[in-house]
Every structure is written in structure tokens, then in C-alpha cells.
$ cat target16.pdb   # PDB, C-alpha atoms, pLDDT in the B column
ATOM      1  CA  MET A  15     -39.452  74.336 138.217  1.00 54.00           C
ATOM      2  CA  GLU A  16     -39.000  74.857 141.903  1.00 82.00           C
ATOM      3  CA  VAL A  17     -41.238  72.994 144.282  1.00 89.00           C
ATOM      4  CA  ALA A  18     -43.167  76.099 145.350  1.00 92.00           C
ATOM      5  CA  ALA A  19     -44.208  76.754 141.762  1.00 93.00           C
ATOM      6  CA  ALA A  20     -45.634  73.230 141.503  1.00 94.00           C
ATOM      7  CA  TRP A  21     -47.701  73.760 144.655  1.00 95.00           C
ATOM      8  CA  ALA A  22     -48.765  77.182 143.359  1.00 96.00           C
ATOM      9  CA  LEU A  23     -49.902  75.601 140.094  1.00 97.00           C
ATOM     10  CA  ILE A  24     -52.153  73.223 142.045  1.00 97.00           C
ATOM     11  CA  PHE A  25     -53.491  76.010 144.255  1.00 97.00           C
ATOM     12  CA  GLY A  26     -54.022  78.227 141.207  1.00 97.00           C
ATOM     13  CA  THR A  27     -55.957  75.451 139.484  1.00 98.00           C
ATOM     14  CA  LEU A  28     -58.265  75.301 142.490  1.00 98.00           C
ATOM     15  CA  THR A  29     -58.616  79.079 142.230  1.00 98.00           C
ATOM     16  CA  GLY A  30     -59.798  78.508 138.670  1.00 97.00           C
ATOM     17  CA  PHE A  31     -62.628  76.409 140.111  1.00 97.00           C
ATOM     18  CA  ARG A  32     -63.617  78.950 142.789  1.00 97.00           C
ATOM     19  CA  SER A  33     -61.862  82.293 142.578  1.00 96.00           C
ATOM     20  CA  MET A  34     -62.209  83.359 146.210  1.00 97.00           C
ATOM     21  CA  LEU A  35     -62.340  80.125 148.184  1.00 98.00           C
ATOM     22  CA  PRO A  36     -58.635  79.136 148.121  1.00 98.00           C
ATOM     23  CA  ALA A  37     -57.645  82.745 148.859  1.00 98.00           C
ATOM     24  CA  ALA A  38     -60.061  82.872 151.795  1.00 98.00           C
ATOM     25  CA  MET A  39     -58.696  79.610 153.166  1.00 98.00           C
ATOM     26  CA  LEU A  40     -55.105  80.814 152.759  1.00 98.00           C
ATOM     27  CA  SER A  41     -55.909  84.125 154.425  1.00 98.00           C
ATOM     28  CA  TRP A  42     -57.680  82.378 157.313  1.00 98.00           C
ATOM     29  CA  ALA A  43     -54.684  80.099 157.798  1.00 97.00           C
ATOM     30  CA  ALA A  44     -52.308  83.080 157.697  1.00 97.00           C
ATOM     31  CA  TRP A  45     -54.433  85.036 160.166  1.00 97.00           C
ATOM     32  CA  HIS A  46     -54.261  82.107 162.595  1.00 97.00           C
ATOM     33  CA  GLY A  47     -50.526  81.530 162.116  1.00 95.00           C
ATOM     34  CA  ALA A  48     -50.672  78.257 160.198  1.00 95.00           C
ATOM     35  CA  VAL A  49     -49.192  79.999 157.137  1.00 95.00           C
ATOM     36  CA  LEU A  50     -46.457  82.523 157.901  1.00 95.00           C
ATOM     37  CA  LEU A  51     -46.852  85.670 155.830  1.00 96.00           C
ATOM     38  CA  HIS A  52     -46.185  88.463 158.333  1.00 91.00           C
ATOM     39  CA  ASP A  53     -42.759  89.506 157.004  1.00 91.00           C
ATOM     40  CA  THR A  54     -43.557  89.058 153.305  1.00 95.00           C
ATOM     41  CA  LYS A  55     -45.084  91.081 150.461  1.00 96.00           C
ATOM     42  CA  PHE A  56     -48.259  89.118 151.159  1.00 97.00           C
ATOM     43  CA  ALA A  57     -48.639  90.115 154.816  1.00 97.00           C
ATOM     44  CA  PHE A  58     -51.984  91.763 154.013  1.00 98.00           C
ATOM     45  CA  LEU A  59     -53.451  88.259 153.661  1.00 98.00           C
ATOM     46  CA  ALA A  60     -52.746  87.608 157.362  1.00 98.00           C
ATOM     47  CA  SER A  61     -54.956  90.519 158.399  1.00 98.00           C
ATOM     48  CA  PRO A  62     -58.253  89.607 160.071  1.00 98.00           C
ATOM     49  CA  ILE A  63     -60.012  92.216 157.921  1.00 98.00           C
ATOM     50  CA  THR A  64     -58.680  90.613 154.736  1.00 98.00           C
ATOM     51  CA  ALA A  65     -59.543  87.120 155.952  1.00 98.00           C
ATOM     52  CA  ILE A  66     -63.111  88.080 156.844  1.00 98.00           C
ATOM     53  CA  LEU A  67     -63.604  89.998 153.585  1.00 98.00           C
ATOM     54  CA  LEU A  68     -62.332  87.041 151.533  1.00 98.00           C
ATOM     55  CA  ILE A  69     -64.562  84.632 153.470  1.00 98.00           C
ATOM     56  CA  VAL A  70     -67.619  86.808 152.782  1.00 98.00           C
ATOM     57  CA  LEU A  71     -66.681  86.983 149.093  1.00 98.00           C
ATOM     58  CA  ALA A  72     -66.102  83.214 148.967  1.00 98.00           C
ATOM     59  CA  VAL A  73     -69.487  82.466 150.522  1.00 98.00           C
ATOM     60  CA  ALA A  74     -71.164  84.906 148.127  1.00 97.00           C
ATOM     61  CA  GLU A  75     -69.423  83.198 145.205  1.00 96.00           C
ATOM     62  CA  LEU A  76     -70.589  79.777 146.411  1.00 96.00           C
ATOM     63  CA  VAL A  77     -74.192  81.014 146.464  1.00 96.00           C
ATOM     64  CA  VAL A  78     -74.135  83.008 143.214  1.00 95.00           C
ATOM     65  CA  ASP A  79     -72.470  80.133 141.356  1.00 93.00           C
ATOM     66  CA  LYS A  80     -75.589  77.998 141.855  1.00 94.00           C
ATOM     67  CA  LEU A  81     -77.960  80.585 140.382  1.00 91.00           C
ATOM     68  CA  PRO A  82     -79.234  80.072 136.822  1.00 87.00           C
ATOM     69  CA  LYS A  83     -77.901  83.445 135.667  1.00 88.00           C
ATOM     70  CA  ALA A  84     -74.457  83.063 137.234  1.00 88.00           C
ATOM     71  CA  PRO A  85     -71.754  84.706 135.143  1.00 87.00           C
ATOM     72  CA  ASN A  86     -69.489  82.443 133.122  1.00 89.00           C
ATOM     73  CA  ARG A  87     -66.058  81.844 134.670  1.00 92.00           C
ATOM     74  CA  THR A  88     -64.466  82.037 131.238  1.00 90.00           C
ATOM     75  CA  ALA A  89     -65.873  85.523 130.551  1.00 92.00           C
ATOM     76  CA  PRO A  90     -63.155  88.213 130.684  1.00 91.00           C
ATOM     77  CA  LEU A  91     -64.001  89.506 134.174  1.00 92.00           C
ATOM     78  CA  GLY A  92     -64.292  86.078 135.798  1.00 91.00           C
ATOM     79  CA  LEU A  93     -61.236  84.736 134.036  1.00 96.00           C
ATOM     80  CA  SER A  94     -59.056  87.725 134.869  1.00 96.00           C
ATOM     81  CA  GLY A  95     -60.113  87.490 138.523  1.00 96.00           C
ATOM     82  CA  ARG A  96     -59.082  83.838 138.624  1.00 97.00           C
ATOM     83  CA  VAL A  97     -55.711  84.619 137.048  1.00 98.00           C
ATOM     84  CA  VAL A  98     -55.049  87.478 139.498  1.00 98.00           C
ATOM     85  CA  MET A  99     -56.150  85.459 142.533  1.00 98.00           C
ATOM     86  CA  GLY A 100     -54.079  82.493 141.332  1.00 98.00           C
ATOM     87  CA  ALA A 101     -51.035  84.748 141.095  1.00 98.00           C
ATOM     88  CA  ILE A 102     -51.590  86.258 144.545  1.00 98.00           C
ATOM     89  CA  THR A 103     -52.185  82.952 146.286  1.00 97.00           C
ATOM     90  CA  GLY A 104     -49.355  81.221 144.424  1.00 97.00           C
ATOM     91  CA  GLY A 105     -46.915  83.975 145.327  1.00 97.00           C
ATOM     92  CA  ALA A 106     -48.095  83.961 148.933  1.00 97.00           C
ATOM     93  CA  LEU A 107     -47.620  80.203 149.239  1.00 95.00           C
ATOM     94  CA  ALA A 108     -44.041  80.500 148.001  1.00 95.00           C
ATOM     95  CA  ALA A 109     -43.286  83.468 150.252  1.00 94.00           C
ATOM     96  CA  SER A 110     -44.617  81.598 153.280  1.00 94.00           C
ATOM     97  CA  GLY A 111     -42.111  78.816 152.596  1.00 90.00           C
ATOM     98  CA  LEU A 112     -39.253  81.300 152.042  1.00 85.00           C
ATOM     99  CA  PHE A 113     -39.132  80.524 148.322  1.00 92.00           C
ATOM    100  CA  THR A 114     -38.860  83.137 145.592  1.00 91.00           C
ATOM    101  CA  TRP A 115     -42.411  84.357 145.160  1.00 95.00           C
ATOM    102  CA  TRP A 116     -42.567  85.438 141.513  1.00 95.00           C
ATOM    103  CA  PRO A 117     -42.159  82.036 139.759  1.00 96.00           C
ATOM    104  CA  ALA A 118     -44.916  80.694 141.990  1.00 96.00           C
ATOM    105  CA  ALA A 119     -47.080  83.727 141.197  1.00 97.00           C
ATOM    106  CA  VAL A 120     -46.685  83.003 137.480  1.00 97.00           C
ATOM    107  CA  ALA A 121     -47.496  79.319 138.076  1.00 97.00           C
ATOM    108  CA  GLY A 122     -50.515  80.287 140.178  1.00 98.00           C
ATOM    109  CA  ALA A 123     -51.770  82.628 137.443  1.00 98.00           C
ATOM    110  CA  PHE A 124     -51.402  79.883 134.856  1.00 98.00           C
ATOM    111  CA  GLY A 125     -53.185  77.505 137.257  1.00 98.00           C
ATOM    112  CA  GLY A 126     -56.074  79.963 137.553  1.00 98.00           C
ATOM    113  CA  LEU A 127     -56.402  80.048 133.776  1.00 97.00           C
ATOM    114  CA  PHE A 128     -56.102  76.269 133.466  1.00 98.00           C
ATOM    115  CA  GLY A 129     -58.516  75.621 136.349  1.00 98.00           C
ATOM    116  CA  ALA A 130     -61.146  77.940 134.893  1.00 98.00           C
ATOM    117  CA  ALA A 131     -61.080  76.090 131.568  1.00 97.00           C
ATOM    118  CA  LEU A 132     -60.910  72.669 133.225  1.00 97.00           C
ATOM    119  CA  GLY A 133     -63.743  73.418 135.645  1.00 97.00           C
ATOM    120  CA  PHE A 134     -65.926  74.881 132.908  1.00 96.00           C
ATOM    121  CA  ASN A 135     -65.461  71.888 130.600  1.00 97.00           C
ATOM    122  CA  LEU A 136     -65.793  69.249 133.320  1.00 97.00           C
ATOM    123  CA  ARG A 137     -68.944  70.861 134.634  1.00 96.00           C
ATOM    124  CA  GLN A 138     -70.559  70.909 131.196  1.00 96.00           C
ATOM    125  CA  TYR A 139     -69.515  67.308 130.589  1.00 98.00           C
ATOM    126  CA  PHE A 140     -70.882  65.954 133.884  1.00 97.00           C
ATOM    127  CA  VAL A 141     -74.152  67.876 133.679  1.00 97.00           C
ATOM    128  CA  ALA A 142     -74.766  66.327 130.248  1.00 97.00           C
ATOM    129  CA  ALA A 143     -73.393  62.861 131.053  1.00 98.00           C
ATOM    130  CA  LEU A 144     -75.252  62.499 134.352  1.00 97.00           C
ATOM    131  CA  ARG A 145     -78.342  64.373 133.156  1.00 97.00           C
ATOM    132  CA  CYS A 146     -78.419  66.350 136.348  1.00 97.00           C
ATOM    133  CA  LYS A 147     -78.773  69.975 137.349  1.00 95.00           C
ATOM    134  CA  ASP A 148     -75.816  72.317 136.987  1.00 95.00           C
ATOM    135  CA  TRP A 149     -75.920  73.243 140.673  1.00 95.00           C
ATOM    136  CA  GLN A 150     -75.514  69.600 141.665  1.00 96.00           C
ATOM    137  CA  VAL A 151     -72.223  69.335 139.801  1.00 97.00           C
ATOM    138  CA  ALA A 152     -71.264  72.732 141.224  1.00 97.00           C
ATOM    139  CA  LEU A 153     -71.608  71.334 144.755  1.00 97.00           C
ATOM    140  CA  VAL A 154     -69.114  68.598 143.912  1.00 97.00           C
ATOM    141  CA  GLU A 155     -66.789  71.244 142.488  1.00 97.00           C
ATOM    142  CA  ASP A 156     -67.130  73.193 145.760  1.00 98.00           C
ATOM    143  CA  ALA A 157     -66.187  70.100 147.757  1.00 98.00           C
ATOM    144  CA  ILE A 158     -63.174  69.382 145.537  1.00 98.00           C
ATOM    145  CA  THR A 159     -61.981  72.971 145.923  1.00 98.00           C
ATOM    146  CA  ILE A 160     -62.353  72.919 149.716  1.00 98.00           C
ATOM    147  CA  TRP A 161     -60.654  69.556 150.045  1.00 98.00           C
ATOM    148  CA  GLY A 162     -57.890  70.450 147.585  1.00 98.00           C
ATOM    149  CA  ALA A 163     -57.087  73.809 149.161  1.00 98.00           C
ATOM    150  CA  SER A 164     -57.048  72.207 152.622  1.00 97.00           C
ATOM    151  CA  TRP A 165     -54.727  69.500 151.361  1.00 97.00           C
ATOM    152  CA  VAL A 166     -52.305  71.997 149.824  1.00 96.00           C
ATOM    153  CA  LEU A 167     -52.280  74.149 152.958  1.00 95.00           C
ATOM    154  CA  GLN A 168     -51.583  71.105 155.141  1.00 94.00           C
ATOM    155  CA  HIS A 169     -48.842  69.636 152.950  1.00 91.00           C
ATOM    156  CA  PHE A 170     -46.976  72.672 151.605  1.00 85.00           C
TER     157      PHE A 170
END

$ encode --input "target16.pdb" --output "C-alpha cells"
Amino acid sequence: MEVAAAWALIFGTLTGFRSMLPAAMLSWAAWHGAVLLHDTKFAFLASPITAILLIVLAVAELVVDKLPKAPNRTAPLGLSGRVVMGAITGGALAASGLFTWWPAAVAGAFGGLFGAALGFNLRQYFVAALRCKDWQVALVEDAITIWGASWVLQHF
């Protein structure tokens, strides 16, 4: 497995936690030149319009996720969105480092699937084990996703 695919797997896993947040952070970084995507298949992520749209979607997801009737991330629509976003962000990471994009896209898609299942199960476990509210565990998941995506973007 090439190194870009390993990074994409990590980034995809974070996408499984929050489908839009890693993509928004990647797009913001690309827009500001910290991630170089301008001459790649993923150049659309460097657009200010894309970055702003993804940020709005990420903020909306952060809010909706705390609501009692929030949709389940493992439902077909939520899960497929995480897989697609994992593939896009994984491929974009690889392309920014001049690696072949498609193995990283596959790894990112798998990461999105894995992260959705991991996040779902961990959240249920900690809500029960700590006897706390779901939204409280969700805030920790938000923080992990923000920190993790920042770490990947700084170290890739």
C-alpha cells in the first residue's frame, strides 16, 4: 500500500465520523494554498465557492447531529455519503502529493465505511458506559474529527 493510501484511510475514517467536516477542512486548505490541488482532477475543491459550501454543510451537520431525531450514519444515505466523501478526500490528498489518486480514493472510501461503523459503535458504547447524553459524546467526536483532520493536513 502506498503511503498516500494510508493517509487517505485515516482521513476517510474521520469522514466516517463527520461526513462533511474533513472535506470542508481540505477544501479550505486547498483554497488558501496549503494543499495544492489546482492542476489535479480535484481542483474544484480549491474553489472558494466549494470551500464555503462545504463549510456551511459541515456546520449544519455539526448542529443536526446533536438533535434527537438526527438520521443514523449507518443508514443507506448517510453511509453512502461518507463513502463518497471518503473517496473524494482520499483521492484529493493523494493528488495533492503527486501520488496516484485512485488507490487513495479506494482507501478513503473504505475509511468512510469503517469510520461510520466505528463512530456509531463507539458513540453507543460511551453513552451507555458514561450514562451521559448522546450529544455530549458527539461533541467529543467533533473534537476528534477536527483535531484528526488538522493533523493529517499538517503532516501529509

$ residues_around --input "target16.pdb" --residues "Phe58 of chain A" --least-positions-apart "5" --cutoff "10 Å" --atoms "all atoms listed in the file" --output "list in words"
Ser41, Ala44, Trp45, Leu51, His52, Asp53, Ile63, Thr64 and Ala65 of chain A

$ atom_distance --input "target16.pdb" --atom1 "atom CA of Pro117 of chain A" --atom2 "atom CA of Leu28 of chain A"
17.7 Å

$ resolve_selection --input "target16.pdb" --expression "the PyMOL selection byres ((chain A and resi 79-92) around 9)" --output "PyMOL selection string"
chain A and resi 30-33+74-78+93-97+127+130-131+133-134+148-150+152-153

$ residues_around --input "target16.pdb" --residues "Ala72 of chain A" --least-positions-apart "5" --cutoff "7 Å" --atoms "all atoms listed in the file" --output "JSON list (two decimals) with C-alpha atoms, in the frame of the given file"
[["chain", "number", "residue", "atom", "x", "y", "z"],
["A", 34, "MET", "CA", -62.21, 83.36, 146.21],
["A", 35, "LEU", "CA", -62.34, 80.12, 148.18],
["A", 38, "ALA", "CA", -60.06, 82.87, 151.79]]

$ atom_distance --input "target16.pdb" --atom1 "atom CA of Leu68 of chain A" --atom2 "atom CA of Val98 of chain A"
14.1 Å

$ closest_residue --input "target16.pdb" --among "A:Pro36, A:Ala143, A:Ile24, A:Phe170" --to "Ala108 of chain A" --atoms "only C-alpha atoms"
A:Phe170

$ closest_residue --input "target16.pdb" --among "A:Tyr139, A:Trp161, A:Phe128, A:Trp115" --to "Ala19 of chain A" --atoms "only C-alpha atoms"
A:Trp115

$ atom_distance --input "target16.pdb" --atom1 "atom CA of Gln138 of chain A" --atom2 "atom CA of Leu23 of chain A"
23.0 Å

$ resolve_selection --input "target16.pdb" --expression "the PyMOL selection byres ((chain A and resi 109) around 10)" --output "PyMOL selection string"
chain A and resi 18+49-57+103-108+110-116+118-119
